[in-house]
Each structure stands twice: as structure tokens, then as C-alpha cells.
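Q: Below is the structure I would like to discuss, written out as C-alpha cells.
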Amino acid sequence: MTRLSPQAFGLDNISPTNPSLNFYDLRIGEPKLSPFPFNIFDKLHLHKNIHSYYPSHGDLTLRKMIVDMYYTQCSIDNVSVTHGALGAIDFIFRATLNSESEILIPDPGFPPYCKLAGFSGAKVSQYYLNLALNPETSINWEQLESLITDKTKLILINSPHNPTGKVLTETDFLRFQLLLKNHPQVSFILDEVYRDLIYDDKTHYDFSEFIDRGYIVGSFSKMYPVPGARVGWVLTSIEKMKNISPFLNNATGAISSFGQEIVKIIMNRKLSFKEKYSEAWNNVKEILDFHHVEYISPEGAFFVFIKYEINGFEATSELAELGVGVVPGGAFGEIGENYIRASFAQGDDVLENAFSIISKHWDKTHPRIIH
């Protein structure tokens with residue numbers, strides 16, 4: 001299986017193939033469509049101790065804000081602030097996994113999942129997602145359960161999902177609960193970094209009632225336009241948090257005080273960018289549908305997973321020659337080999353030009369018989 005380079009975020013440093021063309025970069029999942037409220041910096045000087053170390057588990061006020069907004073049945077003792085969602089996942093892996101344990105990760109899935117699990121020495125197995133149109137479940141639960149052994153310690157679930165944009169269905173949620181009942185040795189991680197970017201009144205299921213059995217990971221990087229702040233969180237039971245605490249105290253020490261204060265200001269303003277991304281997707285959908293392009297319709301996040309007859313790496317290379325940067329689906333897992341992922345977190349002009357190029361290229365690689 002071919003995956004992204006070890007530095008997955010280094011994609012933004014790759015030079016366009018043809019410098020003479022306008023290059024439309026749809027590779028990185030960065031919320032460029034959201035306007036950043038720069039005037040929030042005017043208030044930072046009011047925090048007299050902002051230059052100091054903050055508590056290793058995060059600012060108490062921010063932790064309370066996270067609980068009040070998302071997990072009202074929990075307390076601030078259940079949540080810690082982390083260096084982005086990846087910081088949370090890294091510490092969970094370190095606290096839970098070793099060379100004798102196994103973890104299940106989605107295919108397709110965010111590439112750093114496998115990298116971070118590999119650092120722990122654990123065996124990584126990948127369960128398949130259902131890429132069919134409008135499936136009853138987004139996860140192939142039969143195949144997933146066939147992979148569970150006595151050594152399986154963690155199952156990672158991502159919803160809304162990167163790269164497909166799919167969200168868990170009600171049947172998924174019921175199957176998840178049944179899995180916990182049938183496999184008491186297994187814990188879970190729910191990565192919900194896109195939870196505030198769900199469209200068309202789709203439901204986001206609350207896993208917080210099950211935190212005695214696992215972890216919920218979130219981040220402000222995607223939902224708010226602050227990826228550079230690197231502020232995420234982990235929610236779990238008080239007992240499980242004790243296992244993560246040594247890493248928070250020693251491997252991180254303290255999360256950026258500046259980043260946490262910026263996030264608090266944005267949260268107090270109750271900003272939401274869901275409508276902007278929903279509108280962007282509708283514009284992209286119109287272009288793709290006009291050319292009869294086959295894709296998985298995203299229900300959240302800001303990616304579209306486009307299916308090709310040719311290999312996704314080949315399609316990516318050809319699109320780069322035409323001035324559009326996308327990510328090959330094979331970078332996310334074996335069953336994504338004939339897909340590409342394109343981000344629609346861009347302005348209207350970029351989206352219109354880039355997806356018109358993609359659609360015309362798709363047309364050329366998918367000749368239709370006209371009767």
C-alpha cells in the first residue's frame with residue numbers, strides 16, 4: 001500500500017509541476033474559506049499572564065467551555081487540552097498501546113493514524129469503510145469484527161470522516177454499542193474534529209456516555225479557522241485520564257497560552273462556518289454533476305472523494321500537469337486506490353477553476369458511449 005510521506009503536512013511544500021500555469025492547491029485540509037477575525041488580537045493584551053505557562057491539562061476556563069458546548073454530562077476533569085487532535089491521539093496511543101497490542105484504523109483514513117500507531121510498536125490492521133452510494137452503514141462492521149483478536153486494544157473511528165466526508169449512521173451507532181458489549185477488552189477513539197461542519201441536518205452521535213470505554217478527540221483547527229493555534233482536546237474517564245497525564249505533564253508541559261486565549265475569544269463570539277462550507281460544496285457539486293463525475297457525496301468536513309477508472313496516483317500526476325493539486329486516494333488506504341481527494345475549503349474563483357479542470361480531466365478518462 002502506498003501512503004503519504006512521513007511528513008503528511010509537507011504536501012503544501014510540493015512545487016507545481018508546470019510553473020507557467022496557475023496552480024490551484026486542493027491538497028491540504030486547511031479552512032481557508034473561513035474568514036479569520038483578526039481583530040481578536042486587540043484583546044490579547046488584556047491577559048496579563050498570557051506569556052506564562054498555562055496548566056499542563058489546559059486552561060480551566062477553556063476546558064469548561066468545551067464541556068459546556070459539547071459534553072454537558074461530563075466535567076472539566078474529563079477533558080484536557082492537547083497540541084491539536086494529533087497530540088491527543090499520540091498520547092492515547094502511547095498510554096494504551098505496545099508491541100503486544102493491536103489497533104484497528106479505518107481504510108481509507110487519515111494517514112498519520114498509521115504513523116502514530118507505528119511509533120508505539122503496535123500491530124495496525126485496517127477495517128473497510130463502505131464507499132457505496134447511500135449505504136445503511138458507513139463502516140463495514142462484519143469485516144471490522146473479523147479483525148478483532150484478544151490483542152485488540154483500540155478501534156479508531158472518524159466522523160465526519162476524512163477523506164470521504166461521510167458521517168456515522170444510526171445503524172453505525174447501534175453497531176458500535178453492540179461491539180463494545182461483545183468485546184469488553186476493546187476501547188475506542190472517536191476523532192470528531194469536523195463535528196461542527198455537518199450538512200443537511202445529518203446527526204452527529206454523542207459518544208460521551210461511553211467514555212469509560214474510550215476517548216473522544218476534537219480540535220478547533222477545522223471548525224474555526226485556527227489550524228496554527230494547535231489547540232485540540234481529549235475527553236475520557238477520570239481513570240483513563242490518569243494514564244495520559246504523565247505525557248501531558250512531561251512530553252508537552254503546557255499548550256500554547258496564546259492559542260488557548262484566541263480560541264476562547266472565538267468561542268465566546270459563537271462563530272459558525274458550516275453554512276459557508278455547505279454553500280461551497282453545493283457550488284462544487286453543481287460543477288461535478290454537470291460533467292457526470294462520480295464521487296462520494298460529503299455529509300460533513302470539506303473534502304470530496306472522486307472516483308476514477310484510472311489509479312488515483314496517475315490521476316493526481318496528470319492533474320498536477322494541468323495545474324490542480326489533489327491527494328491520491330491510495331494515500332489513505334488500499335480501497336481508495338482509484339480515488340482522489342480534493343478540498344473545497346477555498347474561495348469561489350479557485351473552486352470554479354479547479355473543479356472545472358478536474359471535471360474535464362475526468363471526462364477524458366471516462367469516455368461515454370452516446371446512443
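In the C-alpha cells, chains take the letters A, B, ... in the order shown, each chain's residues start at 1, and ligands count up from 1 in the order shown.
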Skip segment 78-81 of chain A itself and residues of its chain fewer than 5 positions away, then list as an MDAnalysis selection string all residues within 8 Å of it, counting only C-alpha atoms.

A: chainID A and resid 57:59 63 67 231:238 241 255

Q: Okay, now the selection with N, CA and C atoms, as a PDB file, in the first residue's frame?

A:
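Saved to again36.pdb:
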ATOM      1  N   HIS A  57      -2.821  20.483  31.779  1.00  0.00           N
ATOM      2  CA  HIS A  57      -4.066  19.914  31.250  1.00  0.00           C
ATOM      3  C   HIS A  57      -4.906  20.960  30.513  1.00  0.00           C
ATOM      4  N   GLY A  58      -4.411  22.180  30.436  1.00  0.00           N
ATOM      5  CA  GLY A  58      -5.110  23.219  29.717  1.00  0.00           C
ATOM      6  C   GLY A  58      -5.778  24.232  30.630  1.00  0.00           C
ATOM      7  N   ASP A  59      -6.081  25.370  30.085  1.00  0.00           N
ATOM      8  CA  ASP A  59      -6.737  26.454  30.812  1.00  0.00           C
ATOM      9  C   ASP A  59      -8.094  25.969  31.346  1.00  0.00           C
ATOM     10  N   ARG A  63     -11.403  24.534  29.253  1.00  0.00           N
ATOM     11  CA  ARG A  63     -11.905  23.180  29.464  1.00  0.00           C
ATOM     12  C   ARG A  63     -13.390  23.193  29.814  1.00  0.00           C
ATOM     13  N   VAL A  67     -16.589  21.523  27.620  1.00  0.00           N
ATOM     14  CA  VAL A  67     -17.595  20.643  28.217  1.00  0.00           C
ATOM     15  C   VAL A  67     -18.993  21.238  28.061  1.00  0.00           C
ATOM     16  N   VAL A 231      -4.703  23.813  18.955  1.00  0.00           N
ATOM     17  CA  VAL A 231      -5.457  23.577  20.188  1.00  0.00           C
ATOM     18  C   VAL A 231      -6.498  22.497  19.931  1.00  0.00           C
ATOM     19  N   GLY A 232      -6.312  21.367  20.569  1.00  0.00           N
ATOM     20  CA  GLY A 232      -7.269  20.279  20.496  1.00  0.00           C
ATOM     21  C   GLY A 232      -7.641  19.829  21.888  1.00  0.00           C
ATOM     22  N   TRP A 233      -8.330  18.682  21.987  1.00  0.00           N
ATOM     23  CA  TRP A 233      -8.685  18.172  23.303  1.00  0.00           C
ATOM     24  C   TRP A 233      -8.894  16.671  23.261  1.00  0.00           C
ATOM     25  N   VAL A 234      -8.868  16.095  24.443  1.00  0.00           N
ATOM     26  CA  VAL A 234      -9.240  14.688  24.623  1.00  0.00           C
ATOM     27  C   VAL A 234     -10.227  14.627  25.778  1.00  0.00           C
ATOM     28  N   LEU A 235     -11.299  13.867  25.589  1.00  0.00           N
ATOM     29  CA  LEU A 235     -12.302  13.629  26.620  1.00  0.00           C
ATOM     30  C   LEU A 235     -12.279  12.155  26.956  1.00  0.00           C
ATOM     31  N   THR A 236     -12.192  11.830  28.235  1.00  0.00           N
ATOM     32  CA  THR A 236     -12.206  10.431  28.653  1.00  0.00           C
ATOM     33  C   THR A 236     -12.583  10.352  30.123  1.00  0.00           C
ATOM     34  N   SER A 237     -12.601   9.146  30.656  1.00  0.00           N
ATOM     35  CA  SER A 237     -12.904   8.973  32.076  1.00  0.00           C
ATOM     36  C   SER A 237     -11.742   9.506  32.912  1.00  0.00           C
ATOM     37  N   ILE A 238     -12.051   9.803  34.169  1.00  0.00           N
ATOM     38  CA  ILE A 238     -11.009  10.308  35.064  1.00  0.00           C
ATOM     39  C   ILE A 238      -9.909   9.261  35.231  1.00  0.00           C
ATOM     40  N   MET A 241      -7.784   9.242  32.155  1.00  0.00           N
ATOM     41  CA  MET A 241      -7.012  10.481  32.076  1.00  0.00           C
ATOM     42  C   MET A 241      -5.730  10.389  32.897  1.00  0.00           C
ATOM     43  N   ILE A 255       0.333  23.694  26.789  1.00  0.00           N
ATOM     44  CA  ILE A 255      -0.145  24.055  25.457  1.00  0.00           C
ATOM     45  C   ILE A 255      -0.082  25.565  25.315  1.00  0.00           C
TER      46      ILE A 255
END

Q: May I have the residues within 12 Å of Glu334 of chain A as a PDB file with C-alpha atoms, in the first residue's frame, using only C-alpha atoms and disregarding those fewer than 5 positions away in the same chain?

A:
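Resulting contents of result11.pdb:
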ATOM      1  CA  MET A   1       0.000   0.000   0.000  1.00  0.00           C
ATOM      2  CA  THR A   2       1.381   3.428  -0.901  1.00  0.00           C
ATOM      3  CA  ARG A   3       0.879   6.177   1.626  1.00  0.00           C
ATOM      4  CA  PRO A 106     -10.203   2.924   9.020  1.00  0.00           C
ATOM      5  CA  ASP A 107      -9.374   2.342   5.357  1.00  0.00           C
ATOM      6  CA  PRO A 108      -9.492   4.903   3.867  1.00  0.00           C
ATOM      7  CA  GLY A 109      -8.318   7.020   6.768  1.00  0.00           C
ATOM      8  CA  PRO A 111      -2.525   8.816   7.132  1.00  0.00           C
ATOM      9  CA  SER A 125      -4.991  -3.581  10.955  1.00  0.00           C
ATOM     10  CA  GLN A 126      -7.365  -1.616   8.768  1.00  0.00           C
ATOM     11  CA  TYR A 127     -11.098  -2.067   8.576  1.00  0.00           C
ATOM     12  CA  TYR A 128     -13.012  -1.033   5.470  1.00  0.00           C
ATOM     13  CA  LEU A 129     -15.489   1.781   5.082  1.00  0.00           C
ATOM     14  CA  ASN A 311      -5.280   4.779 -10.488  1.00  0.00           C
ATOM     15  CA  GLY A 312      -5.548   7.775  -8.182  1.00  0.00           C
ATOM     16  CA  PRO A 328      -4.331  10.322  -4.393  1.00  0.00           C
ATOM     17  CA  GLY A 329      -6.896   8.170  -2.641  1.00  0.00           C
ATOM     18  CA  TYR A 339      -9.969   7.845  -5.930  1.00  0.00           C
TER      19      TYR A 339
END

Q: Among segment 136-272 of chain A, which residues does DSSP mark as alpha helix (DSSP H) when it is run on the backbone? Keep the chain and numbering as in the structure and answer as number ranges by chain.

A: A: 141-146, 170-182, 220-223, 238-247, 257-268

Q: Keeping only C-alpha atoms, take the residues you just selected and write them out as a tab-separated table (two decimals), in the first residue's frame.

A:
chain	number	residue	atom	x	y	z
A	141	TRP	CA	-18.87	-3.89	10.60
A	142	GLU	CA	-18.66	-7.55	9.60
A	143	GLN	CA	-15.16	-7.10	8.20
A	144	LEU	CA	-14.17	-4.95	11.20
A	145	GLU	CA	-15.28	-7.55	13.74
A	146	SER	CA	-13.45	-10.28	11.82
A	170	GLU	CA	-27.93	5.45	13.28
A	171	THR	CA	-27.17	1.83	12.42
A	172	ASP	CA	-23.44	2.54	12.82
A	173	PHE	CA	-24.12	3.95	16.29
A	174	LEU	CA	-26.10	0.87	17.30
A	175	ARG	CA	-23.44	-1.47	15.90
A	176	PHE	CA	-20.78	0.46	17.81
A	177	GLN	CA	-22.63	-0.08	21.09
A	178	LEU	CA	-23.03	-3.78	20.32
A	179	LEU	CA	-19.30	-4.04	19.59
A	180	LEU	CA	-18.43	-2.57	23.00
A	181	LYS	CA	-20.75	-5.10	24.65
A	182	ASN	CA	-19.33	-8.08	22.75
A	220	PHE	CA	-10.59	23.84	16.82
A	221	SER	CA	-8.32	23.78	13.75
A	222	LYS	CA	-11.06	22.85	11.28
A	223	MET	CA	-14.26	24.12	12.87
A	238	ILE	CA	-11.01	10.31	35.06
A	239	GLU	CA	-9.30	6.92	35.44
A	240	LYS	CA	-8.11	6.85	31.82
A	241	MET	CA	-7.01	10.48	32.08
A	242	LYS	CA	-4.56	9.43	34.79
A	243	ASN	CA	-2.73	7.34	32.18
A	244	ILE	CA	-2.47	10.30	29.82
A	245	SER	CA	-1.40	12.81	32.48
A	246	PRO	CA	2.31	11.83	32.51
A	247	PHE	CA	2.55	12.70	28.82
A	257	SER	CA	-1.31	30.13	26.08
A	258	PHE	CA	-1.77	32.39	23.06
A	259	GLY	CA	-3.60	29.69	21.12
A	260	GLN	CA	-5.92	28.92	24.02
A	261	GLU	CA	-6.85	32.56	24.54
A	262	ILE	CA	-7.52	33.03	20.82
A	263	VAL	CA	-9.84	30.01	20.85
A	264	LYS	CA	-11.68	31.30	23.93
A	265	ILE	CA	-12.39	34.63	22.24
A	266	ILE	CA	-13.70	32.91	19.10
A	267	MET	CA	-15.87	30.55	21.16
A	268	ASN	CA	-17.36	33.47	23.07

Q: Record the distance separating atom CA of Val167 of chain A and atom CA of Val284 of chain A, expressed in Å with one decimal.

A: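 Taking atom CA of Val167 of chain A and atom CA of Val284 of chain A, their separation equals 19.3 Å.
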
Q: Which is closer to Ser356 of chain A than all the others in A:Arg213, A:Lys151, A:Lys307, A:His291, using only C-alpha atoms?

A: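 Smallest distance to Ser356 of chain A is found for A:His291.
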
Q: How many Å lie between atom CA of Phe303 of chain A and atom CA of Leu168 of chain A, rounded to one decimal?

A: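 About the pair atom CA of Phe303 of chain A and atom CA of Leu168 of chain A: they are 16.1 Å apart.
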
Q: If DSSP is run on the backbone, what residues of segment 212-352 of chain A are strand (DSSP E or B)? A reply as a list in words would be ideal.

A: Gly214, Tyr215, Ile216, Val217, Gly218, Ser219, Val231, Gly232, Trp233, Val234, Leu235, Thr236, Tyr295, Ile296, Gly300, Phe303, Val304, Phe305, Ile306, Lys307, Val324, Gly325, Val327, Pro328, Tyr339, Ile340, Arg341, Ala342 and Ser343 of chain A

Q: For Lys166 of chain A, work out the shell of residues within 6 Å, counting only C-alpha atoms and skipping chain neighbours fewer than 2 positions away, then give it as a ChimeraX atom specification.

A: /A:160-161,164,298-299

Q: Measuring between only C-alpha atoms, which one of A:Thr169, A:Asn249, A:Ser343, A:Gln185 shows the shortest distance to Leu33 of chain A?

A: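 Of A:Thr169, A:Asn249, A:Ser343, A:Gln185, the one nearest Leu33 of chain A is A:Ser343, counting only C-alpha atoms.
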
Q: With distances taken over only C-alpha atoms, which residue among A:Gln346, A:Asn158, A:Ser34, A:Ser99 lies nearest Val217 of chain A?

A: A:Asn158

Q: Give me, as a VMD selection string, all polymer residues having an atom no more than 9 Å from segment 35-37 of chain A, counting only C-alpha atoms and skipping those fewer than 4 positions away in the same chain.

A: chain A and resid 31 41 224 to 226 266 273

Q: For those residues, write N, CA and C atoms to a file as an mmCIF file, in the first residue's frame.

A:
data_model
loop_
_atom_site.group_PDB
_atom_site.id
_atom_site.type_symbol
_atom_site.label_atom_id
_atom_site.label_comp_id
_atom_site.auth_asym_id
_atom_site.auth_seq_id
_atom_site.Cartn_x
_atom_site.Cartn_y
_atom_site.Cartn_z
ATOM 1 N N PRO A 31 -8.779 25.251 6.584
ATOM 2 C CA PRO A 31 -10.032 26.001 6.398
ATOM 3 C C PRO A 31 -9.820 27.411 5.855
ATOM 4 N N PHE A 41 -7.013 39.907 18.065
ATOM 5 C CA PHE A 41 -5.691 40.158 18.627
ATOM 6 C C PHE A 41 -5.666 41.418 19.481
ATOM 7 N N TYR A 224 -13.012 26.110 13.469
ATOM 8 C CA TYR A 224 -12.682 27.524 13.446
ATOM 9 C C TYR A 224 -11.437 27.673 12.574
ATOM 10 N N PRO A 225 -11.194 28.840 12.013
ATOM 11 C CA PRO A 225 -10.035 28.989 11.121
ATOM 12 C C PRO A 225 -8.741 29.218 11.897
ATOM 13 N N VAL A 226 -8.381 28.268 12.776
ATOM 14 C CA VAL A 226 -7.189 28.446 13.610
ATOM 15 C C VAL A 226 -6.303 27.200 13.612
ATOM 16 N N ILE A 266 -12.863 33.348 20.224
ATOM 17 C CA ILE A 266 -13.702 32.914 19.100
ATOM 18 C C ILE A 266 -14.918 32.155 19.607
ATOM 19 N N PHE A 273 -19.165 28.369 10.815
ATOM 20 C CA PHE A 273 -18.790 28.459 9.400
ATOM 21 C C PHE A 273 -19.425 27.355 8.572
#

Q: List the spatial neighbours of segment 198-210 of chain A as a ChimeraX atom specification - criterion: any atom at most 7 Å away, only C-alpha atoms, same-chain residues fewer than 5 positions off excluded.

A: /A:71,274,278,299-301

Q: Could you check which of A:Ala117, A:Ile335, A:Ala122, A:Ala342 is closest to Asp25 of chain A, using only C-alpha atoms?

A: A:Ala342

Q: Point out the residue among A:Ile296, A:Ala88, A:Ile66, A:Leu46 with the least atom-to-atom distance to Ala251 of chain A, counting only C-alpha atoms.

A: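 Closest to Ala251 of chain A of all the choices is A:Ala88.
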
Q: Counting only C-alpha atoms, which of A:Ile139, A:Ile357, A:Ile89, A:Leu21 gets nearest to Phe188 of chain A?

A: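 The closest residue to Phe188 of chain A is A:Ile89.
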
Q: Using only C-alpha atoms, determine which residues lie at most 6 Å from Ser219 of chain A, disregarding the query and same-chain residues fewer than 4 positions distant; provide the list as a list in words.

A: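 My list of contacting residues is Gly84, Ala85, Val193 and Gly232 of chain A.
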